[in-house]
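What follows is the content of target-v3.pdb (PDB, C-alpha atoms and all ligand atoms).
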ATOM      1  CA  MET W   1      -3.146  10.214  25.373  1.00  0.00           C
ATOM      2  CA  SER W   2      -0.388  11.165  22.943  1.00  0.00           C
ATOM      3  CA  TYR W   3       0.654   8.825  20.155  1.00  0.00           C
ATOM      4  CA  GLY W   4       4.181   8.656  21.547  1.00  0.00           C
ATOM      5  CA  GLU W   5       3.115   6.602  24.557  1.00  0.00           C
ATOM      6  CA  ALA W   6       1.343   4.044  22.385  1.00  0.00           C
ATOM      7  CA  ILE W   7       4.377   3.339  20.218  1.00  0.00           C
ATOM      8  CA  GLU W   8       6.594   0.434  21.127  1.00  0.00           C
ATOM      9  CA  ARG W   9       9.220   0.883  18.434  1.00  0.00           C
ATOM     10  CA  THR W  10       9.857   2.606  15.102  1.00  0.00           C
ATOM     11  CA  LEU W  11      10.451   0.010  12.393  1.00  0.00           C
ATOM     12  CA  PHE W  12      11.184   2.316   9.456  1.00  0.00           C
ATOM     13  CA  THR W  13      11.806   6.037   9.789  1.00  0.00           C
ATOM     14  CA  SER W  14      10.206   8.547   7.437  1.00  0.00           C
ATOM     15  CA  ASP W  15      13.603   8.896   5.680  1.00  0.00           C
ATOM     16  CA  GLU W  16      13.854   5.142   5.122  1.00  0.00           C
ATOM     17  CA  ILE W  17      10.311   5.097   3.765  1.00  0.00           C
ATOM     18  CA  ARG W  18      11.032   8.075   1.493  1.00  0.00           C
ATOM     19  CA  ARG W  19      14.076   6.307   0.055  1.00  0.00           C
ATOM     20  CA  ALA W  20      12.072   3.108  -0.488  1.00  0.00           C
ATOM     21  CA  VAL W  21       9.359   5.051  -2.319  1.00  0.00           C
ATOM     22  CA  GLU W  22      12.039   6.680  -4.479  1.00  0.00           C
ATOM     23  CA  ARG W  23      13.441   3.242  -5.343  1.00  0.00           C
ATOM     24  CA  LEU W  24       9.940   2.054  -6.293  1.00  0.00           C
ATOM     25  CA  ALA W  25       9.437   5.167  -8.423  1.00  0.00           C
ATOM     26  CA  ALA W  26      12.787   4.602 -10.175  1.00  0.00           C
ATOM     27  CA  ALA W  27      11.837   1.011 -11.062  1.00  0.00           C
ATOM     28  CA  ILE W  28       8.309   1.889 -12.203  1.00  0.00           C
ATOM     29  CA  GLY W  29       9.515   4.954 -14.108  1.00  0.00           C
ATOM     30  CA  ALA W  30      12.102   2.895 -15.996  1.00  0.00           C
ATOM     31  CA  ASP W  31       9.513   0.269 -16.956  1.00  0.00           C
ATOM     32  CA  PHE W  32       6.977   2.828 -18.226  1.00  0.00           C
ATOM     33  CA  ARG W  33       9.377   5.295 -19.823  1.00  0.00           C
ATOM     34  CA  GLY W  34       7.530   7.415 -22.389  1.00  0.00           C
ATOM     35  CA  GLN W  35       4.198   5.690 -21.714  1.00  0.00           C
ATOM     36  CA  PRO W  36       1.087   6.894 -19.901  1.00  0.00           C
ATOM     37  CA  LEU W  37       0.567   5.331 -16.506  1.00  0.00           C
ATOM     38  CA  LEU W  38      -2.341   5.044 -14.107  1.00  0.00           C
ATOM     39  CA  LEU W  39      -1.479   4.607 -10.432  1.00  0.00           C
ATOM     40  CA  LEU W  40      -4.357   2.916  -8.667  1.00  0.00           C
ATOM     41  CA  GLY W  41      -4.080   3.303  -4.895  1.00  0.00           C
ATOM     42  CA  VAL W  42      -5.985   1.032  -2.540  1.00  0.00           C
ATOM     43  CA  LEU W  43      -7.668   3.158   0.140  1.00  0.00           C
ATOM     44  CA  LYS W  44      -7.309   4.020   2.814  1.00  0.00           C
ATOM     45  CA  GLY W  45      -3.882   2.622   3.606  1.00  0.00           C
ATOM     46  CA  ALA W  46      -2.179   3.407   0.300  1.00  0.00           C
ATOM     47  CA  LEU W  47      -3.157   7.079   0.393  1.00  0.00           C
ATOM     48  CA  TYR W  48       0.322   8.298   1.292  1.00  0.00           C
ATOM     49  CA  VAL W  49       2.418   5.857  -0.711  1.00  0.00           C
ATOM     50  CA  THR W  50       0.376   6.534  -3.870  1.00  0.00           C
ATOM     51  CA  ALA W  51       0.747  10.305  -3.512  1.00  0.00           C
ATOM     52  CA  ASP W  52       4.461  10.129  -2.704  1.00  0.00           C
ATOM     53  CA  LEU W  53       5.071   7.674  -5.539  1.00  0.00           C
ATOM     54  CA  ALA W  54       3.280   9.934  -8.018  1.00  0.00           C
ATOM     55  CA  ARG W  55       5.300  12.931  -6.847  1.00  0.00           C
ATOM     56  CA  SER W  56       8.574  11.043  -7.104  1.00  0.00           C
ATOM     57  CA  LEU W  57       7.657   9.738 -10.588  1.00  0.00           C
ATOM     58  CA  SER W  58       6.845  13.242 -11.775  1.00  0.00           C
ATOM     59  CA  LEU W  59      10.395  14.390 -10.911  1.00  0.00           C
ATOM     60  CA  GLN W  60      11.933  11.888 -13.326  1.00  0.00           C
ATOM     61  CA  LYS W  61      13.333  13.216 -16.588  1.00  0.00           C
ATOM     62  CA  ASP W  62      12.770   9.997 -18.516  1.00  0.00           C
ATOM     63  CA  GLY W  63       9.719   8.646 -16.713  1.00  0.00           C
ATOM     64  CA  PRO W  64       6.174   7.975 -17.888  1.00  0.00           C
ATOM     65  CA  SER W  65       4.720  10.396 -20.432  1.00  0.00           C
ATOM     66  CA  GLU W  66       1.711  11.030 -18.214  1.00  0.00           C
ATOM     67  CA  ILE W  67       0.727   9.995 -14.709  1.00  0.00           C
ATOM     68  CA  ARG W  68      -2.849   9.704 -13.588  1.00  0.00           C
ATOM     69  CA  ILE W  69      -3.940   8.839 -10.071  1.00  0.00           C
ATOM     70  CA  ASP W  70      -7.060   7.017  -9.045  1.00  0.00           C
ATOM     71  CA  TYR W  71      -8.134   5.239  -5.901  1.00  0.00           C
ATOM     72  CA  LEU W  72     -10.444   2.432  -4.993  1.00  0.00           C
ATOM     73  CA  ALA W  73     -11.513   1.483  -1.516  1.00  0.00           C
ATOM     74  CA  VAL W  74     -11.802  -2.012  -0.111  1.00  0.00           C
ATOM     75  CA  SER W  75     -12.914  -3.181   3.290  1.00  0.00           C
ATOM     76  CA  SER W  76     -10.048  -3.818   5.649  1.00  0.00           C
ATOM     77  CA  TYR W  77     -10.084  -6.229   8.515  1.00  0.00           C
ATOM     78  CA  GLY W  78     -10.032  -3.666  11.291  1.00  0.00           C
ATOM     79  CA  ASN W  79      -9.423  -5.410  14.592  1.00  0.00           C
ATOM     80  CA  ALA W  80      -8.937  -8.919  13.360  1.00  0.00           C
ATOM     81  CA  ALA W  81      -5.388 -10.197  13.363  1.00  0.00           C
ATOM     82  CA  ARG W  82      -5.496 -11.318   9.774  1.00  0.00           C
ATOM     83  CA  SER W  83      -7.811 -10.926   6.786  1.00  0.00           C
ATOM     84  CA  SER W  84     -10.218 -13.725   6.059  1.00  0.00           C
ATOM     85  CA  GLY W  85      -9.859 -13.602   2.325  1.00  0.00           C
ATOM     86  CA  GLU W  86     -13.220 -11.919   1.922  1.00  0.00           C
ATOM     87  CA  VAL W  87     -12.662  -8.625   0.157  1.00  0.00           C
ATOM     88  CA  ARG W  88     -15.375  -6.071  -0.438  1.00  0.00           C
ATOM     89  CA  ILE W  89     -15.152  -3.101  -2.808  1.00  0.00           C
ATOM     90  CA  LEU W  90     -16.435  -0.050  -0.970  1.00  0.00           C
ATOM     91  CA  ARG W  91     -15.642   2.427  -3.740  1.00  0.00           C
ATOM     92  CA  ASP W  92     -14.719   1.507  -7.288  1.00  0.00           C
ATOM     93  CA  THR W  93     -12.310   3.377  -9.592  1.00  0.00           C
ATOM     94  CA  SER W  94     -13.545   6.509 -11.307  1.00  0.00           C
ATOM     95  CA  GLU W  95     -11.240   5.937 -14.306  1.00  0.00           C
ATOM     96  CA  ASN W  96     -12.031   3.341 -16.935  1.00  0.00           C
ATOM     97  CA  ILE W  97      -8.907   1.180 -16.907  1.00  0.00           C
ATOM     98  CA  THR W  98      -9.465  -0.682 -20.191  1.00  0.00           C
ATOM     99  CA  GLY W  99      -6.420  -0.320 -22.456  1.00  0.00           C
ATOM    100  CA  LYS W 100      -4.370   1.497 -19.823  1.00  0.00           C
ATOM    101  CA  ASN W 101      -1.074   0.738 -18.089  1.00  0.00           C
ATOM    102  CA  VAL W 102      -2.169   0.212 -14.507  1.00  0.00           C
ATOM    103  CA  VAL W 103      -0.067  -0.207 -11.388  1.00  0.00           C
ATOM    104  CA  ILE W 104      -2.038  -1.218  -8.289  1.00  0.00           C
ATOM    105  CA  VAL W 105      -0.459   0.451  -5.268  1.00  0.00           C
ATOM    106  CA  GLU W 106      -0.922  -1.284  -1.909  1.00  0.00           C
ATOM    107  CA  ASP W 107       0.346  -0.253   1.493  1.00  0.00           C
ATOM    108  CA  ILE W 108       0.992  -3.752   2.819  1.00  0.00           C
ATOM    109  CA  VAL W 109       0.549  -7.342   1.698  1.00  0.00           C
ATOM    110  CA  ASP W 110       0.176 -10.119   4.238  1.00  0.00           C
ATOM    111  CA  ASN W 111      -1.647 -13.284   3.205  1.00  0.00           C
ATOM    112  CA  GLY W 112      -2.125 -11.777  -0.260  1.00  0.00           C
ATOM    113  CA  HIS W 113      -5.905 -12.189  -0.563  1.00  0.00           C
ATOM    114  CA  THR W 114      -6.640  -8.492  -0.987  1.00  0.00           C
ATOM    115  CA  ILE W 115      -4.205  -7.813  -3.795  1.00  0.00           C
ATOM    116  CA  ALA W 116      -4.908 -11.165  -5.510  1.00  0.00           C
ATOM    117  CA  TYR W 117      -8.625 -10.380  -5.517  1.00  0.00           C
ATOM    118  CA  LEU W 118      -8.054  -6.876  -6.859  1.00  0.00           C
ATOM    119  CA  ALA W 119      -5.638  -8.054  -9.538  1.00  0.00           C
ATOM    120  CA  GLY W 120      -8.216 -10.620 -10.721  1.00  0.00           C
ATOM    121  CA  LEU W 121     -11.031  -8.091 -10.741  1.00  0.00           C
ATOM    122  CA  LEU W 122      -9.024  -5.478 -12.630  1.00  0.00           C
ATOM    123  CA  ARG W 123      -7.545  -7.954 -15.108  1.00  0.00           C
ATOM    124  CA  ASP W 124     -11.093  -8.759 -16.231  1.00  0.00           C
ATOM    125  CA  ARG W 125     -11.439  -5.128 -17.302  1.00  0.00           C
ATOM    126  CA  ALA W 126      -8.698  -5.616 -19.907  1.00  0.00           C
ATOM    127  CA  PRO W 127      -6.060  -3.039 -18.990  1.00  0.00           C
ATOM    128  CA  ARG W 128      -3.126  -2.782 -21.406  1.00  0.00           C
ATOM    129  CA  SER W 129      -0.851  -3.925 -18.596  1.00  0.00           C
ATOM    130  CA  LEU W 130      -1.402  -4.599 -14.902  1.00  0.00           C
ATOM    131  CA  ARG W 131       1.325  -4.610 -12.278  1.00  0.00           C
ATOM    132  CA  THR W 132       1.390  -4.634  -8.506  1.00  0.00           C
ATOM    133  CA  CYS W 133       3.390  -2.380  -6.226  1.00  0.00           C
ATOM    134  CA  VAL W 134       3.541  -2.794  -2.456  1.00  0.00           C
ATOM    135  CA  LEU W 135       5.409  -0.644  -0.005  1.00  0.00           C
ATOM    136  CA  PHE W 136       5.546  -3.073   2.931  1.00  0.00           C
ATOM    137  CA  ASP W 137       5.650  -6.795   2.356  1.00  0.00           C
ATOM    138  CA  LYS W 138       4.926  -9.377   5.054  1.00  0.00           C
ATOM    139  CA  PRO W 139       5.818 -12.577   3.169  1.00  0.00           C
ATOM    140  CA  TYR W 140       5.406 -14.956   6.137  1.00  0.00           C
ATOM    141  CA  HIS W 141       1.812 -16.165   5.770  1.00  0.00           C
ATOM    142  CA  ARG W 142       1.098 -15.921   2.075  1.00  0.00           C
ATOM    143  CA  GLN W 143      -1.987 -17.879   1.029  1.00  0.00           C
ATOM    144  CA  ALA W 144      -2.974 -16.352  -2.295  1.00  0.00           C
ATOM    145  CA  SER W 145      -0.740 -16.798  -5.275  1.00  0.00           C
ATOM    146  CA  VAL W 146       0.119 -13.321  -6.459  1.00  0.00           C
ATOM    147  CA  THR W 147       3.097 -11.708  -8.142  1.00  0.00           C
ATOM    148  CA  LEU W 148       4.353  -8.538  -6.514  1.00  0.00           C
ATOM    149  CA  ASP W 149       6.165  -6.639  -9.261  1.00  0.00           C
ATOM    150  CA  TYR W 150       7.536  -3.822  -7.103  1.00  0.00           C
ATOM    151  CA  VAL W 151       8.271  -4.294  -3.390  1.00  0.00           C
ATOM    152  CA  GLY W 152       9.539  -1.525  -1.118  1.00  0.00           C
ATOM    153  CA  LEU W 153      10.464  -2.883   2.321  1.00  0.00           C
ATOM    154  CA  THR W 154       9.992  -6.126   4.210  1.00  0.00           C
ATOM    155  CA  ALA W 155       8.018  -5.584   7.415  1.00  0.00           C
ATOM    156  CA  PRO W 156       8.268  -7.938  10.408  1.00  0.00           C
ATOM    157  CA  ASP W 157       5.624 -10.566  11.096  1.00  0.00           C
ATOM    158  CA  ALA W 158       3.574  -8.254  13.316  1.00  0.00           C
ATOM    159  CA  PHE W 159       0.724  -5.766  13.180  1.00  0.00           C
ATOM    160  CA  VAL W 160       2.214  -2.445  12.123  1.00  0.00           C
ATOM    161  CA  VAL W 161       0.852   1.100  11.908  1.00  0.00           C
ATOM    162  CA  GLY W 162       1.806   4.424  10.381  1.00  0.00           C
ATOM    163  CA  TYR W 163       2.363   5.918   6.933  1.00  0.00           C
ATOM    164  CA  GLY W 164      -1.252   5.144   6.020  1.00  0.00           C
ATOM    165  CA  LEU W 165      -1.730   1.997   8.087  1.00  0.00           C
ATOM    166  CA  ASP W 166      -4.206   2.229  10.948  1.00  0.00           C
ATOM    167  CA  TYR W 167      -5.365   0.488  14.050  1.00  0.00           C
ATOM    168  CA  GLN W 168      -9.079   1.260  14.432  1.00  0.00           C
ATOM    169  CA  GLU W 169      -8.649   4.291  12.152  1.00  0.00           C
ATOM    170  CA  ARG W 170      -5.868   5.760  14.287  1.00  0.00           C
ATOM    171  CA  TYR W 171      -2.121   6.124  13.683  1.00  0.00           C
ATOM    172  CA  ARG W 172      -2.450   6.423   9.872  1.00  0.00           C
ATOM    173  CA  ASN W 173      -0.976   9.884  10.059  1.00  0.00           C
ATOM    174  CA  LEU W 174       2.318   8.792  11.630  1.00  0.00           C
ATOM    175  CA  PRO W 175       5.108   9.577   9.126  1.00  0.00           C
ATOM    176  CA  PHE W 176       6.981   6.377  10.114  1.00  0.00           C
ATOM    177  CA  LEU W 177       6.116   2.678  10.468  1.00  0.00           C
ATOM    178  CA  ALA W 178       5.762   1.464  14.037  1.00  0.00           C
ATOM    179  CA  LEU W 179       4.781  -1.314  16.408  1.00  0.00           C
ATOM    180  CA  LEU W 180       2.171  -0.474  19.023  1.00  0.00           C
ATOM    181  CA  ARG W 181       2.452  -1.356  22.683  1.00  0.00           C
ATOM    182  CA  SER W 182       0.340  -4.376  23.583  1.00  0.00           C
ATOM    183  CA  TRP W 183      -1.979  -2.442  25.938  1.00  0.00           C
ATOM    184  CA  VAL W 184      -3.301  -0.508  22.922  1.00  0.00           C
ATOM    185  CA  PHE W 185      -5.020  -3.677  21.690  1.00  0.00           C
ATOM    186  CA  SER W 186      -6.765  -4.365  24.982  1.00  0.00           C
ATOM    187  CA  GLU W 187      -8.126  -0.850  25.490  1.00  0.00           C
TER     188      GLU W 187
HETATM  189  P1  LIG B   1      -3.828  -9.403   3.048  1.00  0.00           P
HETATM  190  O1  LIG B   1      -5.121  -9.594   2.331  1.00  0.00           O
HETATM  191  O2  LIG B   1      -2.609  -9.420   2.124  1.00  0.00           O
HETATM  192  O3  LIG B   1      -3.627 -10.335   4.220  1.00  0.00           O
HETATM  193  O4  LIG B   1      -3.868  -7.997   3.767  1.00  0.00           O
HETATM  194  C1  LIG B   1      -3.859  -6.824   3.085  1.00  0.00           C
HETATM  195  C2  LIG B   1      -4.576  -5.730   3.854  1.00  0.00           C
HETATM  196  O5  LIG B   1      -4.668  -6.035   5.246  1.00  0.00           O
HETATM  197  C3  LIG B   1      -3.817  -4.429   3.774  1.00  0.00           C
HETATM  198  O6  LIG B   1      -4.252  -3.639   2.689  1.00  0.00           O
HETATM  199  C4  LIG B   1      -4.129  -3.787   5.103  1.00  0.00           C
HETATM  200  O7  LIG B   1      -5.345  -3.071   5.008  1.00  0.00           O
HETATM  201  C5  LIG B   1      -4.326  -4.936   6.037  1.00  0.00           C
HETATM  202  N1  LIG B   1      -3.105  -5.261   6.807  1.00  0.00           N
HETATM  203  C6  LIG B   1      -2.283  -6.336   6.664  1.00  0.00           C
HETATM  204  N2  LIG B   1      -1.292  -6.316   7.566  1.00  0.00           N
HETATM  205  C7  LIG B   1      -1.468  -5.178   8.279  1.00  0.00           C
HETATM  206  C8  LIG B   1      -0.742  -4.570   9.375  1.00  0.00           C
HETATM  207  O8  LIG B   1       0.288  -5.046   9.872  1.00  0.00           O
HETATM  208  N3  LIG B   1      -1.225  -3.379   9.844  1.00  0.00           N
HETATM  209  C9  LIG B   1      -2.346  -2.796   9.339  1.00  0.00           C
HETATM  210  N4  LIG B   1      -2.723  -1.637   9.877  1.00  0.00           N
HETATM  211  N5  LIG B   1      -3.065  -3.340   8.321  1.00  0.00           N
HETATM  212  C10 LIG B   1      -2.627  -4.505   7.801  1.00  0.00           C
END

What's the structure tokens form of this structure?
Amino acid sequence: MSYGEAIERTLFTSDEIRRAVERLAAAIGADFRGQPLLLLGVLKGALYVTADLARSLSLQKDGPSEIRIDYLAVSSYGNAARSSGEVRILRDTSENITGKNVVIVEDIVDNGHTIAYLAGLLRDRAPRSLRTCVLFDKPYHRQASVTLDYVGLTAPDAFVVGYGLDYQERYRNLPFLALLRSWVFSE
């Protein structure tokens, strides 16, 4: 079965996503001009956006003085329609974040529990500054109170895949954001 048959509709093309990542990089770069910055990607979904953001930041003339990349992994909710608010760290950061400028990079925020939990956890480690960056925002069912400092695109109120986002570990590798056909979920 090819991926093409499973896709209902493209929501954002790879060009639209690239431009959104460039806009995020411009905003972050301006805020951290001349300062070191640690991008902290939340695995697995934020794998691509973190890498593309770092690459775009490194092309800036007046951007951060240094960019480091680290990842942490949290449990995602797999098949369930929405996260329960229970977040588990599967792999912690390898960098010590104390005293550093940290931007948490998330693929998507829905009810906000994941990023709120991470922001709380990381704030306790006394970074110099802590900001949140999300590529796709689904602002419709927010439960946790969390400030998103940098937001790329607003996604529809639906389960989306591609550009890092999976359904049962598939479709992450799609270069665009898409809706799946309903039969995929009943397979
Ligand atoms: P929240 O805790 O904000 O509800 O959800 C955040 C996490 O849930 C994301 O990091 C992602 O792993 C997952 N998630 C939320 N919405 C979607 C979606 O539409 N598609 C996929 N594949 N994952 C999602």

Starting from the shown file, work through the PyMOL selection byres (((not hetatm)) within 6 of (chain B and resi 1)) and note down what comes out as a ChimeraX atom specification. /W:76,82-83,107-114,158-161,165-167

Near-Arg125 (chain W) list (9 Å; all atoms listed in the file; drop same-chain fewer than 2 positions) as a short mmCIF file (atom, residue, chain, number, x, y, z; two decimals) with C-alpha atoms, keeping the file's coordinate frame:
data_model
loop_
_atom_site.label_atom_id
_atom_site.label_comp_id
_atom_site.auth_asym_id
_atom_site.auth_seq_id
_atom_site.Cartn_x
_atom_site.Cartn_y
_atom_site.Cartn_z
CA ASN W 96 -12.03 3.34 -16.93
CA ILE W 97 -8.91 1.18 -16.91
CA THR W 98 -9.46 -0.68 -20.19
CA GLY W 99 -6.42 -0.32 -22.46
CA LEU W 121 -11.03 -8.09 -10.74
CA LEU W 122 -9.02 -5.48 -12.63
CA ARG W 123 -7.54 -7.95 -15.11
CA PRO W 127 -6.06 -3.04 -18.99
#

Evaluate the PyMOL selection byres (((chain W and resi 35) around 12) and not hetatm) and record the selected residues as number ranges by chain, following the chain and residue labels used in the document. W: 28-34, 36-38, 62-68, 100-102, 128-129

Closest of W:Leu53, W:Ala155, W:Val134, W:Ala27 to Leu179 (chain W) - atom-to-atom distances counting all atoms listed in the file: W:Ala155

Residue contacts of Thr13 (chain W) (9 Å, all atoms listed in the file) excluding same-chain residues fewer than 6 positions away, as a list in words: Pro175, Phe176, Leu177 and Ala178 of chain W

Region 41-51 of chain W: axis-aligned bounding box, 4 Å on each side, centre and edge lengths in Å, one decimal, as JSON:
{"center_x": -2.6, "center_y": 5.7, "center_z": -0.6, "size_x": 18.1, "size_y": 17.3, "size_z": 16.5}

Selection result for the PyMOL selection byres (((chain W and resi 23) around 12) and not hetatm) on this file, as a PyMOL selection string: chain W and resi 16-22+24-30+52-53+56-57+60+133-135+150-153

Glu187 (chain W) surroundings by only C-alpha atoms, 12 Å radius, close-in-sequence under 2 positions cut, as a PyMOL selection string: chain W and resi 6+79+167-168+181-185

Keeping C-alpha atoms, export the residues of the selection given above as an mmCIF file, keeping the file's coordinate frame.
data_model
loop_
_atom_site.group_PDB
_atom_site.id
_atom_site.type_symbol
_atom_site.label_atom_id
_atom_site.label_comp_id
_atom_site.auth_asym_id
_atom_site.auth_seq_id
_atom_site.Cartn_x
_atom_site.Cartn_y
_atom_site.Cartn_z
ATOM 1 C CA ALA W 6 1.343 4.044 22.385
ATOM 2 C CA ASN W 79 -9.423 -5.410 14.592
ATOM 3 C CA TYR W 167 -5.365 0.488 14.050
ATOM 4 C CA GLN W 168 -9.079 1.260 14.432
ATOM 5 C CA ARG W 181 2.452 -1.356 22.683
ATOM 6 C CA SER W 182 0.340 -4.376 23.583
ATOM 7 C CA TRP W 183 -1.979 -2.442 25.938
ATOM 8 C CA VAL W 184 -3.301 -0.508 22.922
ATOM 9 C CA PHE W 185 -5.020 -3.677 21.690
#

So that I can check the surroundings of Gly41 (chain W), please list as a list of chain:residue names every protein, DNA and RNA residue that reaches within 7 Å of it, counting only C-alpha atoms and ignoring chain neighbours fewer than 5 positions away.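 Near Gly41 (chain W), the qualifying residues are W:Ala46, W:Leu47, W:Thr50, W:Asp70, W:Tyr71, W:Leu72, W:Ile104, W:Val105, W:Glu106.
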
Could you turn the residues from that selection into a file that holds C-alpha atoms, as a PDB file, keeping the file's coordinate frame?
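Below is the file that was written, part.pdb:
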ATOM      1  CA  ALA W  46      -2.179   3.407   0.300  1.00  0.00           C
ATOM      2  CA  LEU W  47      -3.157   7.079   0.393  1.00  0.00           C
ATOM      3  CA  THR W  50       0.376   6.534  -3.870  1.00  0.00           C
ATOM      4  CA  ASP W  70      -7.060   7.017  -9.045  1.00  0.00           C
ATOM      5  CA  TYR W  71      -8.134   5.239  -5.901  1.00  0.00           C
ATOM      6  CA  LEU W  72     -10.444   2.432  -4.993  1.00  0.00           C
ATOM      7  CA  ILE W 104      -2.038  -1.218  -8.289  1.00  0.00           C
ATOM      8  CA  VAL W 105      -0.459   0.451  -5.268  1.00  0.00           C
ATOM      9  CA  GLU W 106      -0.922  -1.284  -1.909  1.00  0.00           C
TER      10      GLU W 106
END

If I take CA of Gly45 (chain W) and CA of Ser145 (chain W), how far is one from the other in Å, to one decimal? 21.6 Å

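From CA of His141 (chain W) back to CA of Glu8 (chain W), the distance works out to 23.1 Å.
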
Quick one, how far is CA of Ser14 (chain W) from CA of Ala73 (chain W)? 24.5 Å

Counting all atoms listed in the file, which residue out of W:Lys61, W:Pro156, W:Gly164, W:Ala126 sits closest to Val42 (chain W)?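 Between W:Lys61, W:Pro156, W:Gly164, W:Ala126, the residue approaching Val42 (chain W) most closely is W:Gly164.
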
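Nearest to Gly120 (chain W) of all the residues W:Thr147, W:Arg170, W:Lys138, W:Ser94 is W:Thr147, based on all atoms listed in the file.
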